[in-house]
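As provided, data.tsv (TSV, C-alpha atoms) reads as follows.
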```tsv
chain	number	residue	atom	x	y	z
L	1	MET	CA	186.47	-98.07	154.46
L	2	LYS	CA	188.25	-94.73	154.35
L	3	LYS	CA	186.29	-91.60	155.06
L	4	ILE	CA	187.25	-87.95	154.99
L	5	THR	CA	184.89	-85.44	156.54
L	6	VAL	CA	185.38	-81.83	155.52
L	7	ILE	CA	183.90	-78.69	157.04
L	8	ILE	CA	184.38	-75.36	155.27
L	9	ASP	CA	183.53	-72.17	157.09
L	10	LYS	CA	184.84	-68.62	156.88
L	11	GLY	CA	187.63	-69.43	154.45
L	12	LYS	CA	188.99	-72.37	156.41
L	13	VAL	CA	188.95	-76.07	155.68
L	14	ASN	CA	188.71	-78.59	158.49
L	15	LEU	CA	189.66	-82.13	157.46
L	16	ASP	CA	188.95	-85.25	159.49
L	17	PHE	CA	190.44	-88.57	158.41
L	18	HIS	CA	188.84	-91.84	159.48
L	19	GLY	CA	189.82	-95.42	158.79
L	20	PHE	CA	193.39	-94.82	157.62
L	21	GLU	CA	195.98	-97.21	158.99
L	22	GLY	CA	199.56	-96.32	159.76
L	23	ASP	CA	201.24	-93.96	157.30
L	24	ALA	CA	198.28	-94.05	154.93
L	25	CYS	CA	196.74	-91.07	156.68
L	26	SER	CA	199.72	-88.73	156.35
L	27	ALA	CA	200.29	-89.96	152.79
L	28	GLU	CA	196.72	-89.09	151.80
L	29	GLU	CA	197.01	-85.80	153.65
L	30	ASN	CA	200.11	-84.89	151.61
L	31	VAL	CA	198.43	-85.73	148.32
L	32	ILE	CA	195.43	-83.58	149.24
L	33	LYS	CA	197.74	-80.73	150.26
L	34	VAL	CA	199.56	-80.87	146.93
L	35	PHE	CA	196.22	-80.83	145.13
L	36	TYR	CA	195.08	-77.81	147.14
L	37	GLN	CA	198.31	-75.98	146.35
L	38	LYS	CA	198.02	-76.80	142.66
L	39	LEU	CA	194.56	-75.21	142.81
L	40	GLY	CA	195.99	-72.14	144.53
L	41	VAL	CA	194.78	-72.83	148.06
L	42	ASN	CA	197.14	-72.01	150.91
L	43	THR	CA	197.65	-75.11	153.06
L	44	ASP	CA	199.12	-73.76	156.27
L	45	VAL	CA	198.04	-76.12	159.03
L	46	GLU	CA	196.50	-74.21	161.92
L	47	HIS	CA	195.70	-77.16	164.09
L	48	SER	CA	196.38	-80.86	163.98
L	49	ASP	CA	194.85	-83.46	166.24
L	50	ASN	CA	196.06	-87.00	165.84
L	51	LYS	CA	195.73	-88.13	169.44
L	52	ARG	CA	193.33	-90.87	168.43
L	53	GLU	CA	196.21	-92.49	166.56
L	54	ALA	CA	197.44	-93.87	169.86
L	55	GLU	CA	194.03	-95.18	170.78
L	56	ALA	CA	193.23	-97.21	167.70
L	57	GLU	CA	194.72	-98.71	164.60
L	58	THR	CA	193.21	-95.91	162.59
L	59	THR	CA	194.68	-92.45	162.39
L	60	ALA	CA	192.68	-89.30	162.67
L	61	ILE	CA	194.10	-85.97	161.82
L	62	ARG	CA	192.12	-82.80	162.08
L	63	GLU	CA	193.54	-79.73	160.51
L	64	ARG	CA	192.42	-76.42	159.28
L	65	ILE	CA	193.59	-75.14	155.99
L	66	GLN	CA	193.57	-71.45	155.37
L	67	GLY	CA	191.50	-70.71	152.32
L	68	GLN	CA	192.78	-68.55	149.54
W	1	MET	CA	185.03	-49.17	133.58
W	2	SER	CA	186.73	-48.85	136.91
W	3	LYS	CA	187.89	-52.20	138.09
W	4	ILE	CA	189.35	-53.58	141.24
W	5	VAL	CA	191.04	-56.85	141.85
W	6	ILE	CA	189.86	-57.87	145.25
W	7	LEU	CA	191.44	-61.20	145.79
W	8	SER	CA	193.90	-63.42	144.10
W	9	VAL	CA	194.04	-67.00	145.18
W	10	GLN	CA	197.36	-67.55	146.87
W	11	LEU	CA	199.51	-69.87	144.88
W	12	GLY	CA	201.49	-72.28	146.98
W	13	THR	CA	205.20	-71.67	147.07
W	14	SER	CA	207.21	-74.01	144.92
W	15	GLN	CA	209.42	-75.02	147.85
W	16	ILE	CA	206.50	-76.32	149.90
W	17	LEU	CA	205.06	-78.02	146.86
W	18	ASN	CA	208.37	-79.68	146.07
W	19	ASN	CA	208.79	-80.92	149.62
W	20	LEU	CA	205.35	-82.50	149.59
W	21	LEU	CA	205.96	-84.03	146.17
W	22	GLU	CA	209.20	-85.56	147.45
W	23	GLU	CA	207.34	-87.15	150.34
W	24	ILE	CA	204.71	-88.54	147.99
W	25	ALA	CA	207.37	-89.78	145.56
W	26	GLY	CA	208.91	-91.81	148.36
W	27	GLN	CA	205.73	-93.87	148.59
W	28	ASN	CA	204.17	-93.52	145.15
W	29	PRO	CA	206.50	-92.16	142.41
W	30	ASN	CA	203.86	-92.44	139.68
W	31	LEU	CA	201.34	-90.40	141.64
W	32	ALA	CA	203.97	-87.77	142.46
W	33	GLU	CA	204.92	-87.42	138.80
W	34	TRP	CA	201.27	-87.25	137.76
W	35	LEU	CA	200.62	-84.50	140.31
W	36	LYS	CA	203.72	-82.64	139.14
W	37	GLN	CA	202.54	-82.65	135.54
W	38	LEU	CA	198.90	-81.90	136.35
W	39	ASP	CA	197.61	-78.73	134.68
W	40	PRO	CA	195.38	-77.16	137.33
W	41	LEU	CA	193.86	-74.43	135.14
W	42	PRO	CA	190.91	-76.46	133.78
W	43	ILE	CA	190.09	-77.68	137.29
W	44	ILE	CA	190.31	-74.18	138.75
W	45	LYS	CA	188.02	-72.82	136.03
W	46	GLU	CA	185.52	-75.62	136.58
W	47	CYS	CA	185.56	-74.94	140.33
W	48	VAL	CA	184.90	-71.25	139.69
W	49	VAL	CA	181.99	-72.07	137.36
W	50	ASN	CA	180.50	-74.47	139.92
W	51	ALA	CA	180.98	-72.01	142.77
W	52	ILE	CA	179.20	-69.28	140.79
W	53	ASP	CA	176.37	-71.71	139.96
W	54	ARG	CA	176.03	-72.70	143.60
W	55	LEU	CA	175.95	-69.12	144.87
W	56	GLY	CA	173.57	-68.10	142.08
W	57	GLN	CA	170.98	-70.44	143.61
W	58	MET	CA	171.09	-68.67	146.96
W	59	PRO	CA	168.19	-66.38	147.88
W	60	GLY	CA	168.91	-62.81	146.81
W	61	ILE	CA	171.84	-63.68	144.54
W	62	SER	CA	171.57	-64.06	140.80
W	63	LYS	CA	174.08	-65.51	138.38
W	64	GLU	CA	174.84	-63.22	135.46
W	65	ALA	CA	177.14	-63.18	132.45
W	66	ASN	CA	178.25	-59.55	132.70
W	67	ILE	CA	179.07	-56.77	135.10
W	68	SER	CA	178.58	-53.09	134.42
W	69	ASP	CA	180.29	-49.87	135.44
W	70	TYR	CA	178.96	-47.02	137.58
W	71	PHE	CA	176.82	-45.74	134.70
W	72	GLY	CA	175.41	-49.18	133.99
W	73	ASN	CA	177.42	-49.59	130.79
W	74	ILE	CA	178.72	-53.00	129.83
W	75	ASP	CA	182.25	-53.24	128.45
W	76	TYR	CA	181.88	-56.32	126.29
W	77	ALA	CA	185.60	-56.58	125.51
W	78	TYR	CA	186.34	-56.82	129.20
W	79	ASN	CA	183.33	-58.92	130.09
W	80	SER	CA	184.38	-61.50	127.52
W	81	GLN	CA	187.20	-62.43	129.93
W	82	LEU	CA	184.80	-63.19	132.75
W	83	ILE	CA	183.84	-66.73	133.67
W	84	GLY	CA	180.68	-65.35	135.22
W	85	ALA	CA	179.27	-62.80	137.61
W	86	LEU	CA	176.96	-62.46	140.59
W	87	LYS	CA	174.51	-59.66	141.31
W	88	THR	CA	172.40	-58.70	144.29
W	89	ASP	CA	170.06	-55.82	145.12
W	90	LYS	CA	172.92	-54.19	147.03
W	91	LEU	CA	175.36	-54.75	144.16
W	92	PRO	CA	173.28	-54.21	141.03
W	93	HIS	CA	176.30	-53.81	138.75
W	94	GLY	CA	177.71	-57.15	139.82
W	95	LEU	CA	180.89	-58.87	140.85
W	96	GLY	CA	182.76	-60.61	138.05
W	97	PHE	CA	185.09	-63.60	138.22
W	98	LYS	CA	188.00	-64.45	135.98
W	99	VAL	CA	190.99	-66.76	136.13
W	100	ASN	CA	194.33	-65.47	134.90
W	101	ASP	CA	196.99	-67.47	133.07
W	102	GLN	CA	198.67	-68.36	136.38
W	103	GLY	CA	195.45	-69.85	137.74
W	104	ALA	CA	194.74	-67.02	140.16
W	105	VAL	CA	191.10	-66.10	140.61
W	106	GLU	CA	190.48	-62.39	140.10
W	107	PHE	CA	187.41	-60.59	141.33
W	108	VAL	CA	186.28	-57.53	139.42
W	109	ALA	CA	183.65	-54.92	140.21
W	110	ASP	CA	182.92	-51.23	140.35
W	111	GLU	CA	183.38	-50.24	143.99
W	112	TYR	CA	182.14	-46.67	143.85
W	113	THR	CA	179.86	-46.70	146.88
W	114	THR	CA	180.43	-47.91	150.42
W	115	GLU	CA	177.41	-50.20	150.14
W	116	TRP	CA	178.84	-51.76	147.00
W	117	ARG	CA	182.19	-52.34	148.72
W	118	GLN	CA	180.50	-54.01	151.67
W	119	GLU	CA	178.49	-56.27	149.38
W	120	ILE	CA	181.59	-57.12	147.33
W	121	LYS	CA	183.31	-58.17	150.55
W	122	ARG	CA	180.36	-60.38	151.52
W	123	LEU	CA	180.15	-62.00	148.09
W	124	ARG	CA	183.92	-62.49	148.03
W	125	GLU	CA	183.75	-64.36	151.34
W	126	LEU	CA	180.83	-66.48	150.14
W	127	PHE	CA	182.72	-67.26	146.94
W	128	THR	CA	185.86	-68.24	148.83
W	129	ASP	CA	183.98	-70.89	150.81
W	130	ALA	CA	182.09	-72.07	147.73
W	131	PHE	CA	185.35	-72.33	145.77
W	132	LEU	CA	186.98	-74.29	148.60
W	133	ALA	CA	184.03	-76.67	148.62
W	134	GLU	CA	184.24	-77.20	144.88
W	135	ALA	CA	188.03	-77.61	145.00
W	136	THR	CA	187.72	-80.17	147.80
W	137	ASN	CA	184.98	-81.97	145.91
W	138	SER	CA	187.21	-82.14	142.81
W	139	ILE	CA	190.24	-83.35	144.76
W	140	LEU	CA	188.41	-86.11	146.60
W	141	THR	CA	186.59	-87.21	143.45
W	142	ILE	CA	189.87	-87.43	141.50
W	143	LEU	CA	191.34	-89.48	144.36
W	144	GLY	CA	188.51	-91.99	144.02
W	145	TYR	CA	186.20	-90.94	146.82
W	146	GLU	CA	182.44	-90.84	146.52
W	147	VAL	CA	181.67	-87.33	147.67
W	148	VAL	CA	178.48	-85.84	149.07
W	149	VAL	CA	178.38	-82.05	149.40
W	150	SER	CA	175.86	-80.20	151.52
W	151	SER	CA	175.63	-76.55	152.46
W	152	SER	CA	173.56	-74.50	154.81
W	153	LEU	CA	173.12	-70.84	155.64
W	154	ALA	CA	174.70	-69.69	158.87
W	155	ASN	CA	172.95	-67.23	161.15
W	156	ASN	CA	175.29	-64.47	160.01
W	157	GLY	CA	174.28	-65.01	156.37
W	158	GLY	CA	177.43	-66.94	155.55
W	159	LEU	CA	177.65	-70.39	154.06
W	160	PHE	CA	178.66	-73.51	155.88
W	161	PHE	CA	179.81	-76.47	153.80
W	162	HIS	CA	179.98	-80.09	154.84
W	163	LEU	CA	181.57	-82.71	152.57
W	164	GLU	CA	181.94	-86.39	153.15
W	165	GLY	CA	184.18	-88.53	150.94
W	166	VAL	CA	184.09	-92.31	151.22
W	167	LYS	CA	186.39	-94.82	149.55
W	168	GLN	CA	186.06	-98.58	150.02
```
Structure rendered as structure tokens:
Amino acid sequence: MKKITVIIDKGKVNLDFHGFEGDACSAEENVIKVFYQKLGVNTDVEHSDNKREAEAETTAIRERIQGQ
Amino acid sequence: MSKIVILSVQLGTSQILNNLLEEIAGQNPNLAEWLKQLDPLPIIKECVVNAIDRLGQMPGISKEANISDYFGNIDYAYNSQLIGALKTDKLPHGLGFKVNDQGAVEFVADEYTTEWRQEIKRLRELFTDAFLAEATNSILTILGYEVVVSSSLANNGGLFFHLEGVKQ
């Protein structure tokens, strides 16, 4: 099961990916970024945390996307 | 009617978009081509409508069809371009929302008084978060996730959104 948890606060988007194996996480992240950009949302990454990638088969990336 | 454009949604630069599309094309050419051809305008407009609806349900905020100028007059020719508007006690003439041909969201209001300007700023910030929530909801839904959206009021009067998308 793949799960993406999103928190939106003060114009920023915080994405957490769970259950993605290998490159699937960054691939999904790129698709979501393209979608955001198509909708006019700036996707500068403020912070990325993928340290759990080394601890498990799943990849977790946390990033904040600057809103509009 | 005096009008101000408060915020335009920043459109992503084509270079960044192209780089991301190239990465996607390396793994899924069909998806990359579909994304390239996707017309975002209908989605953006739907997100704006949903964001206005969501904010219109908040205490103290009402959803309206029109905004008015300092004298309370409604310019119907101009208001016909609006997707919707929000009004509060502190901003009785309203804040209007439209989407231009490039897909940028434009915010329109009479900003004559300081109190109006402060309320426009607050509503603009609330709308930004609501729009981001709706955009994220649309994106995850299109990608096949089952999405649950929840929101709560922060202590400072702002909105806090939590979304969870699950795909088997």
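For the pair CA of Met1 (chain L) and CA of Asn28 (chain W), the separation is 20.5 Å.
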If we count only C-alpha atoms and set the cut-off at 7 Å, which residues sit around region 148-165 of chain W, ignoring sequence neighbours fewer than 2 positions away in its own chain? Please answer as a ChimeraX atom specification.
/L:3-9 /W:126,133,140,145-146,167
Within 9 Å of chain L, which residues of chain W come that close, and what is the closest atom pair and distance in Å for each? Count all atoms listed in the file and give it as JSON lines.
```
{"residue": "W:Leu7", "atom": "CA", "partner": "L:Gln68", "partner_atom": "CA", "distance": 8.4}
{"residue": "W:Ser8", "atom": "CA", "partner": "L:Gln68", "partner_atom": "CA", "distance": 7.6}
{"residue": "W:Val9", "atom": "CA", "partner": "L:Gln68", "partner_atom": "CA", "distance": 4.8}
{"residue": "W:Gln10", "atom": "CA", "partner": "L:Gly40", "partner_atom": "CA", "distance": 5.3}
{"residue": "W:Leu11", "atom": "CA", "partner": "L:Gly40", "partner_atom": "CA", "distance": 4.2}
{"residue": "W:Gly12", "atom": "CA", "partner": "L:Gln37", "partner_atom": "CA", "distance": 4.9}
{"residue": "W:Thr13", "atom": "CA", "partner": "L:Gln37", "partner_atom": "CA", "distance": 8.2}
{"residue": "W:Ile16", "atom": "CA", "partner": "L:Val34", "partner_atom": "CA", "distance": 8.8}
{"residue": "W:Leu17", "atom": "CA", "partner": "L:Val34", "partner_atom": "CA", "distance": 6.2}
{"residue": "W:Asn18", "atom": "CA", "partner": "L:Val34", "partner_atom": "CA", "distance": 8.9}
{"residue": "W:Leu20", "atom": "CA", "partner": "L:Asn30", "partner_atom": "CA", "distance": 6.1}
{"residue": "W:Leu21", "atom": "CA", "partner": "L:Val34", "partner_atom": "CA", "distance": 7.2}
{"residue": "W:Glu23", "atom": "CA", "partner": "L:Asn30", "partner_atom": "CA", "distance": 7.7}
{"residue": "W:Ile24", "atom": "CA", "partner": "L:Ala27", "partner_atom": "CA", "distance": 6.7}
{"residue": "W:Gln27", "atom": "CA", "partner": "L:Ala27", "partner_atom": "CA", "distance": 7.9}
{"residue": "W:Leu31", "atom": "CA", "partner": "L:Val31", "partner_atom": "CA", "distance": 8.7}
{"residue": "W:Ala32", "atom": "CA", "partner": "L:Val31", "partner_atom": "CA", "distance": 8.3}
{"residue": "W:Leu35", "atom": "CA", "partner": "L:Phe35", "partner_atom": "CA", "distance": 7.5}
{"residue": "W:Lys36", "atom": "CA", "partner": "L:Lys38", "partner_atom": "CA", "distance": 8.9}
{"residue": "W:Leu38", "atom": "CA", "partner": "L:Lys38", "partner_atom": "CA", "distance": 8.2}
{"residue": "W:Asp39", "atom": "CA", "partner": "L:Lys38", "partner_atom": "CA", "distance": 8.2}
{"residue": "W:Pro40", "atom": "CA", "partner": "L:Leu39", "partner_atom": "CA", "distance": 5.9}
{"residue": "W:Leu41", "atom": "CA", "partner": "L:Leu39", "partner_atom": "CA", "distance": 7.7}
{"residue": "W:Ile43", "atom": "CA", "partner": "L:Leu39", "partner_atom": "CA", "distance": 7.5}
{"residue": "W:Ile44", "atom": "CA", "partner": "L:Leu39", "partner_atom": "CA", "distance": 6.0}
{"residue": "W:Gly103", "atom": "CA", "partner": "L:Gly40", "partner_atom": "CA", "distance": 7.2}
{"residue": "W:Ala104", "atom": "CA", "partner": "L:Gly40", "partner_atom": "CA", "distance": 6.8}
{"residue": "W:Val105", "atom": "CA", "partner": "L:Gly40", "partner_atom": "CA", "distance": 8.7}
{"residue": "W:Glu125", "atom": "CA", "partner": "L:Lys10", "partner_atom": "CA", "distance": 7.1}
{"residue": "W:Leu126", "atom": "CA", "partner": "L:Lys10", "partner_atom": "CA", "distance": 8.1}
{"residue": "W:Thr128", "atom": "CA", "partner": "L:Gly11", "partner_atom": "CA", "distance": 6.0}
{"residue": "W:Asp129", "atom": "CA", "partner": "L:Gly11", "partner_atom": "CA", "distance": 5.4}
{"residue": "W:Ala130", "atom": "CA", "partner": "L:Ile8", "partner_atom": "CA", "distance": 8.5}
{"residue": "W:Leu132", "atom": "CA", "partner": "L:Gly67", "partner_atom": "CA", "distance": 6.9}
{"residue": "W:Ala133", "atom": "CA", "partner": "L:Ile8", "partner_atom": "CA", "distance": 6.8}
{"residue": "W:Ala135", "atom": "CA", "partner": "L:Leu39", "partner_atom": "CA", "distance": 7.3}
{"residue": "W:Thr136", "atom": "CA", "partner": "L:Tyr36", "partner_atom": "CA", "distance": 7.8}
{"residue": "W:Ile139", "atom": "CA", "partner": "L:Phe35", "partner_atom": "CA", "distance": 6.5}
{"residue": "W:Leu140", "atom": "CA", "partner": "L:Ile32", "partner_atom": "CA", "distance": 7.9}
{"residue": "W:Leu143", "atom": "CA", "partner": "L:Ile32", "partner_atom": "CA", "distance": 8.7}
{"residue": "W:Tyr145", "atom": "CA", "partner": "L:Lys3", "partner_atom": "CA", "distance": 8.3}
{"residue": "W:Gly158", "atom": "CA", "partner": "L:Lys10", "partner_atom": "CA", "distance": 7.7}
{"residue": "W:Leu159", "atom": "CA", "partner": "L:Asp9", "partner_atom": "CA", "distance": 6.9}
{"residue": "W:Phe160", "atom": "CA", "partner": "L:Asp9", "partner_atom": "CA", "distance": 5.2}
{"residue": "W:Phe161", "atom": "CA", "partner": "L:Ile8", "partner_atom": "CA", "distance": 4.9}
{"residue": "W:His162", "atom": "CA", "partner": "L:Ile7", "partner_atom": "CA", "distance": 4.7}
{"residue": "W:Leu163", "atom": "CA", "partner": "L:Val6", "partner_atom": "CA", "distance": 4.9}
{"residue": "W:Glu164", "atom": "CA", "partner": "L:Thr5", "partner_atom": "CA", "distance": 4.6}
{"residue": "W:Gly165", "atom": "CA", "partner": "L:Ile4", "partner_atom": "CA", "distance": 5.1}
{"residue": "W:Val166", "atom": "CA", "partner": "L:Lys3", "partner_atom": "CA", "distance": 4.5}
{"residue": "W:Lys167", "atom": "CA", "partner": "L:Lys2", "partner_atom": "CA", "distance": 5.1}
{"residue": "W:Gln168", "atom": "CA", "partner": "L:Met1", "partner_atom": "CA", "distance": 4.5}
```
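Separating CA of Pro29 (chain W) from CA of Asn137 (chain W) is a distance of 24.1 Å.
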Report, in Å with one decimal, the straight-line distance from CA of Phe71 (chain W) to CA of Thr114 (chain W).
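Computing the Euclidean distance for CA of Phe71 (chain W) and CA of Thr114 (chain W) yields 16.3 Å.
The residue that comes closest to Ser68 (chain W), out of W:Trp116, W:Ala109, W:Leu123, W:Phe131 and on the basis of all atoms listed in the file, is W:Ala109.
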Residues within 9 Å of (183.9, -67.6, 133.9), file coords, all atoms listed in the file, listed as a PyMOL selection string:
chain W and resi 45-46+48-49+52+65+80-85+96-99
